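Participant: Would you mind keeping the following structure in view while I ask a few things?
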Amino acid sequence: MVVQDDTINTGEPEKAETVPVVPEQTKIFTVEILHMIKDAQQQHGLRHGDFQRYRGYCTRRIRRLRKALKYPQGDKRHFKRRDVTIAQLTGKKADERFFHIPLISAERAWAYAMQLKQESNTEPRKRFHLISKLRRACFYALQLQELCNTEAFDARTKLECEAYVAWMHGSLHFELQLWKTAGEHLKRAQVVYENLAKALPDDEQELYRAKVNEFTPNLRYCAYNISGGASSGGKIDEILELRAQGVLENLDVLVSQTKTESSEGLQTIDWRGRKVTVRPEKVRLFLLSAQELDKSLAKATKPDSKIELIERILMDCKDAIQAVRDEIKQDPKLRSLTTGQTVSGVQYLLAYLSYIRHSRTLQRNLCLVEQAKLNFDDPNQQSQQNVSDGKRVRSQDLARLYEIILQNVTEMQQINGMEDDAQYQSEVENLAITFKAFRCYYIALTLIDMKKWKEAVALYERASNYATEALKGKASAEFQLQAELKTVVSTIEGCKFSAHAYSVLEDDNSEEAGTTTKSQKTTKPLYERLSLYKEDQSLHTKAPNVFKLTPEMEPIPCKPLFFDLAMNYVELPSLEDKLESPGKKAGGVTGFVKGFLGWGGGGGNK
């Protein structure tokens with residue numbers, strides 16, 4: 001069973017309940033009507049022409065809105081009509097969702113009418129119901145217009161509402177076969193959408209231009225019926241154009257206000273001749289802080305403070321890029337890299353943020369180079385004095401810094417969406433050549449410290465070629481390095497002759513020392529002369545003199561051995577008298593005395 005809405009016979013709005021208007025206006029709303037209804041239609045059935053599904057979605061959406069806003073129409077038993085008034089859109093408790101109620105109601109009635117139009121091919125009497133539903137849609141559209149004609153909405157919303165109301169009335173009059181008024185309304189909607197597209201950024205114009213093209217077949221059919229089938233469409237177009245210009249008297253004013261509002265508060269960015277709308281709030285705040293960074297850097301005098309300021313903005317830039325990527329992930333339509341032959345607005349915004357991140361990183365690295373040069377003693381500039389008492393910086397340290405900068409420039413060339421921009425690529429390429437010149441210069445200084453004169457001359461020559469090429473190319477407006485390049489070119493001219501002279505002197509000294517070199521040749525293996533540097537060509541052969549695996553024999557003293565052969569033939573005296581017999585008792589001290597003096601015992605009688 002299909003539930004039908006109440007029908008009316010006119011397109012005039014009914015009198016709503018009168019509520020005193022709150023004088024204080026706290027919010028100004030911006031509602032992108034066309035964008036909102038197109039998204040809803042594509043996601044809920046109209047992609048396949050299912051108007052019944054879209055009508056069901058609109059019904060559920062209205063129910064959810066009234067429940068969330070606590071604005072029901074009566075209770076479960078009794079119905080009490082409550083239309084949205086300006087009181088709900090003003091004051092401190094104003095809510096934009098109240099504006100969605102009449103808009104979705106108009107969409108529901110229009111979707112029901114289009115469903116009936118499909119069914120009227122087999123059941124002609126449904127055309128009466130179709131007309132009734134279109135009148136109901138016009139009624140809600142007029143409610144919408146009444147709300148928009150206040151200070152609660154900006155100029156863009158007013159323009160979109162004017163076009164929406166004109167389109168809805170044009171659809172009604174087209175079904176009523178009132179060709180003249182239908183053409184006037186449709187032409188008015190077409191003019192408003194065209195002017196609105198001109199006032200908006202490039203990435204938002206496609207939707208409005210597509211809507212303008214939808215009116216062309218109906219306008220031609222209206223012109224055909226007005227002229228009675230004759231080919232006088234040009235005359236009716238001129239009439240409708242003149243009528244359309246007079247219908248909306250404040251069109252130019254609203255368009256100019258829309259242009260102003262779209263450019264305020266960094267809602268749009270203008271980069272390399274293209275405007276892009278900035279929707280995420282985090283990105284808007286980051287762009288505002290990025291504008292203030294240049295002023296802060298101008299006030300900072302020390303490289304340390306500049307590096308600290310840039311690193312803070314780089315952290316915010318990382319969060320802003322992540323916010324844009326999250327928006328792309330949430331909306332499947334934004335995942336495509338290109339729309340037609342141009343990069344989409346969100347992708348272009350992502351490219352712009354990536355460029356800010358790489359350019360600020362490059363600016364920080366240049367500050368590191370500036371800080372390192374304070375502790376660097378350039379051998380080619382004898383008058384230079386150290387400003388800082390920090391650790392001495394070597395030329396290879398500066399060469400490493402320029403290598404990091406070149407990697408950063410390479411990442412700038414590979415930003416998605418900027419591959420086809422020839423001017424951008426030429427500027428970045430010129431920037432890369434500039435830093436290659438600086439890198440070659442400091443590598444040459446490193447070779448000078450190692451007394452490799454010939455290699456240093458070659459690097460000086462290459463640095464000079466890079467610097468000359470960079471000076472001829474188009475310099476980047478953000479990084480002004482022309483003066484430093486000219487200084488390097490003038491310095492290299494003297495350095496090349498100096499290094500060449502040292503190389504000639506080294507060759508002469510090597511010829512004079514040729515005889516001593518031959519006499520100093522040795523056959524010692526490499527492990528015995530590790531502390532001495534010597535070019536040994538034998539180390540590159542198949543049998544290098546590195547270590548002897550079989551060491552030479554060396555004489556060593558041996559331990560003496562003694563062989564006692566006479567011991568076997570020696571007769572030893574008997575020692576029995578020295579041993580005590582078992583039956584003989586010791587005499588003690590008295591016996592020892594007697595025996596010692598020769599008296600006592602039997603030994604004296606013998």
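Residues are referred to by chain and number: the chain letter is A, B, ... according to the order shown in the structure tokens, the number counts from 1 in that chain, and ligands are numbered separately from 1 in the order shown.
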Within 9 Å of Ile443 in chain A, counting only C-alpha atoms, which residues show up once you throw out same-chain ones fewer than 4 positions away? Write them as a PyMOL selection string, please.
Facilitator: chain A and resi 395-396+398-399+438-439+447-448+456+459-460
Participant: Excluding Arg400 in chain A and any residue of its chain fewer than 2 positions from it, enumerate the residues within 12 Å of it, using only C-alpha atoms, and give them as a JSON list (two decimals) with N, CA, C and O atoms, in the first residue's frame.
Facilitator:
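This is the output file around.json:
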```json
[["chain", "number", "residue", "atom", "x", "y", "z"],
["A", 365, "ASN", "N", 66.92, 23.07, 5.31],
["A", 365, "ASN", "CA", 68.25, 22.58, 4.97],
["A", 365, "ASN", "C", 69.19, 23.70, 4.56],
["A", 365, "ASN", "O", 70.39, 23.66, 4.85],
["A", 368, "LEU", "N", 70.48, 25.12, 7.62],
["A", 368, "LEU", "CA", 71.56, 24.28, 8.15],
["A", 368, "LEU", "C", 72.87, 24.56, 7.43],
["A", 368, "LEU", "O", 73.95, 24.58, 8.05],
["A", 369, "VAL", "N", 72.80, 24.77, 6.11],
["A", 369, "VAL", "CA", 74.01, 25.12, 5.35],
["A", 369, "VAL", "C", 74.55, 26.47, 5.83],
["A", 369, "VAL", "O", 75.77, 26.64, 6.01],
["A", 372, "ALA", "N", 76.26, 25.94, 9.05],
["A", 372, "ALA", "CA", 77.53, 25.24, 8.91],
["A", 372, "ALA", "C", 78.62, 26.15, 8.35],
["A", 372, "ALA", "O", 79.80, 26.02, 8.71],
["A", 393, "VAL", "N", 83.75, 22.87, 10.71],
["A", 393, "VAL", "CA", 83.02, 22.15, 9.67],
["A", 393, "VAL", "C", 83.95, 21.91, 8.50],
["A", 393, "VAL", "O", 84.66, 22.81, 8.05],
["A", 394, "ARG", "N", 83.95, 20.68, 7.99],
["A", 394, "ARG", "CA", 84.78, 20.33, 6.86],
["A", 394, "ARG", "C", 84.00, 20.49, 5.56],
["A", 394, "ARG", "O", 82.77, 20.56, 5.56],
["A", 395, "SER", "N", 84.72, 20.51, 4.47],
["A", 395, "SER", "CA", 84.08, 20.67, 3.17],
["A", 395, "SER", "C", 83.20, 19.48, 2.82],
["A", 395, "SER", "O", 82.15, 19.63, 2.19],
["A", 396, "GLN", "N", 83.58, 18.26, 3.26],
["A", 396, "GLN", "CA", 82.74, 17.10, 2.97],
["A", 396, "GLN", "C", 81.41, 17.14, 3.73],
["A", 396, "GLN", "O", 80.42, 16.58, 3.27],
["A", 397, "ASP", "N", 81.38, 17.86, 4.86],
["A", 397, "ASP", "CA", 80.11, 18.03, 5.58],
["A", 397, "ASP", "C", 79.13, 18.88, 4.77],
["A", 397, "ASP", "O", 77.94, 18.56, 4.69],
["A", 398, "LEU", "N", 79.64, 19.94, 4.18],
["A", 398, "LEU", "CA", 78.77, 20.78, 3.34],
["A", 398, "LEU", "C", 78.34, 20.04, 2.08],
["A", 398, "LEU", "O", 77.21, 20.19, 1.62],
["A", 402, "TYR", "N", 74.40, 19.34, 0.82],
["A", 402, "TYR", "CA", 73.86, 19.61, -0.52],
["A", 402, "TYR", "C", 73.35, 18.33, -1.18],
["A", 402, "TYR", "O", 72.45, 18.39, -2.02],
["A", 403, "GLU", "N", 73.91, 17.20, -0.82],
["A", 403, "GLU", "CA", 73.38, 15.93, -1.34],
["A", 403, "GLU", "C", 71.98, 15.68, -0.81],
["A", 403, "GLU", "O", 71.07, 15.23, -1.54],
["A", 404, "ILE", "N", 71.76, 15.98, 0.47],
["A", 404, "ILE", "CA", 70.41, 15.85, 1.05],
["A", 404, "ILE", "C", 69.44, 16.81, 0.38],
["A", 404, "ILE", "O", 68.28, 16.47, 0.11],
["A", 405, "ILE", "N", 69.91, 18.02, 0.10],
["A", 405, "ILE", "CA", 69.05, 19.00, -0.57],
["A", 405, "ILE", "C", 68.66, 18.53, -1.97],
["A", 405, "ILE", "O", 67.51, 18.69, -2.40],
["A", 406, "LEU", "N", 69.58, 17.91, -2.68],
["A", 406, "LEU", "CA", 69.27, 17.39, -4.01],
["A", 406, "LEU", "C", 68.22, 16.28, -3.96],
["A", 406, "LEU", "O", 67.36, 16.18, -4.84],
["A", 407, "GLN", "N", 68.28, 15.45, -2.94],
["A", 407, "GLN", "CA", 67.24, 14.43, -2.77],
["A", 407, "GLN", "C", 65.88, 15.08, -2.54],
["A", 407, "GLN", "O", 64.85, 14.61, -3.05],
["A", 435, "PHE", "N", 71.97, 23.44, -7.14],
["A", 435, "PHE", "CA", 72.54, 22.73, -5.99],
["A", 435, "PHE", "C", 73.61, 21.73, -6.42],
["A", 435, "PHE", "O", 74.51, 21.40, -5.64],
["A", 436, "LYS", "N", 73.54, 21.23, -7.64],
["A", 436, "LYS", "CA", 74.62, 20.38, -8.15],
["A", 436, "LYS", "C", 75.92, 21.17, -8.27],
["A", 436, "LYS", "O", 77.01, 20.65, -8.01],
["A", 438, "PHE", "N", 76.80, 23.73, -6.38],
["A", 438, "PHE", "CA", 77.35, 23.89, -5.02],
["A", 438, "PHE", "C", 77.98, 22.59, -4.52],
["A", 438, "PHE", "O", 79.03, 22.60, -3.88],
["A", 439, "ARG", "N", 77.32, 21.47, -4.80],
["A", 439, "ARG", "CA", 77.85, 20.19, -4.33],
["A", 439, "ARG", "C", 79.20, 19.89, -4.98],
["A", 439, "ARG", "O", 80.15, 19.47, -4.30],
["A", 440, "CYS", "N", 79.31, 20.09, -6.29],
["A", 440, "CYS", "CA", 80.59, 19.84, -6.97],
["A", 440, "CYS", "C", 81.69, 20.75, -6.44],
["A", 440, "CYS", "O", 82.86, 20.34, -6.32],
["A", 441, "TYR", "N", 81.34, 21.98, -6.10],
["A", 441, "TYR", "CA", 82.34, 22.92, -5.58],
["A", 441, "TYR", "C", 82.92, 22.41, -4.26],
["A", 441, "TYR", "O", 84.16, 22.41, -4.07],
["A", 442, "TYR", "N", 82.07, 21.94, -3.36],
["A", 442, "TYR", "CA", 82.58, 21.50, -2.06],
["A", 442, "TYR", "C", 83.23, 20.13, -2.15],
["A", 442, "TYR", "O", 84.12, 19.81, -1.34],
["A", 443, "ILE", "N", 82.85, 19.30, -3.10],
["A", 443, "ILE", "CA", 83.58, 18.05, -3.32],
["A", 443, "ILE", "C", 84.99, 18.35, -3.83],
["A", 443, "ILE", "O", 85.97, 17.69, -3.46],
["A", 446, "THR", "N", 87.11, 19.20, -1.01],
["A", 446, "THR", "CA", 87.51, 17.98, -0.30],
["A", 446, "THR", "C", 88.70, 17.32, -0.97],
["A", 446, "THR", "O", 89.64, 16.84, -0.31]]
```
Participant: Pull the closest atom pair for each residue of range 343-434 of chain A that gets at most 10 Å from range 192-215 of chain A, along with the distance in Å to one decimal, counting only C-alpha atoms, ordering rows by chain and then ascending residue number, as JSON lines.
Facilitator:
```
{"residue": "A:Val343", "atom": "CA", "partner": "A:Asp203", "partner_atom": "CA", "distance": 9.0}
{"residue": "A:Ser344", "atom": "CA", "partner": "A:Asp203", "partner_atom": "CA", "distance": 6.5}
{"residue": "A:Gly345", "atom": "CA", "partner": "A:Asp203", "partner_atom": "CA", "distance": 4.9}
{"residue": "A:Val346", "atom": "CA", "partner": "A:Asp203", "partner_atom": "CA", "distance": 8.2}
{"residue": "A:Tyr348", "atom": "CA", "partner": "A:Asp203", "partner_atom": "CA", "distance": 9.3}
```
Participant: Between A:Glu461, A:Glu32, A:Glu162, A:Glu571, which residue has the minimum interatomic distance to Gln190 in chain A, considering only C-alpha atoms?
Facilitator: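 Among the listed residues, the smallest separation from Gln190 in chain A belongs to A:Glu162.
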Participant: Quick one: of A:Leu575, A:Ile492, A:Ser359, A:Met450, who's nearest to Phe479 in chain A, counting only C-alpha atoms?
Facilitator: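 Closest to Phe479 in chain A of all the choices is A:Ser359.
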Participant: Considering only C-alpha atoms, can you say which of A:Ala351, A:Ile62, A:Leu579, A:Ile310 comes closest to Trp271 in chain A?
Facilitator: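 Ranked by minimum distance to Trp271 in chain A, first place goes to A:Ala351.
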Participant: Looking at A:Thr30, A:Arg55, A:Lys117, A:Arg61, which one is nearest to Asp95 in chain A, with distances taken over only C-alpha atoms?
Facilitator: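 Closest residue, counting only C-alpha atoms: A:Thr30.
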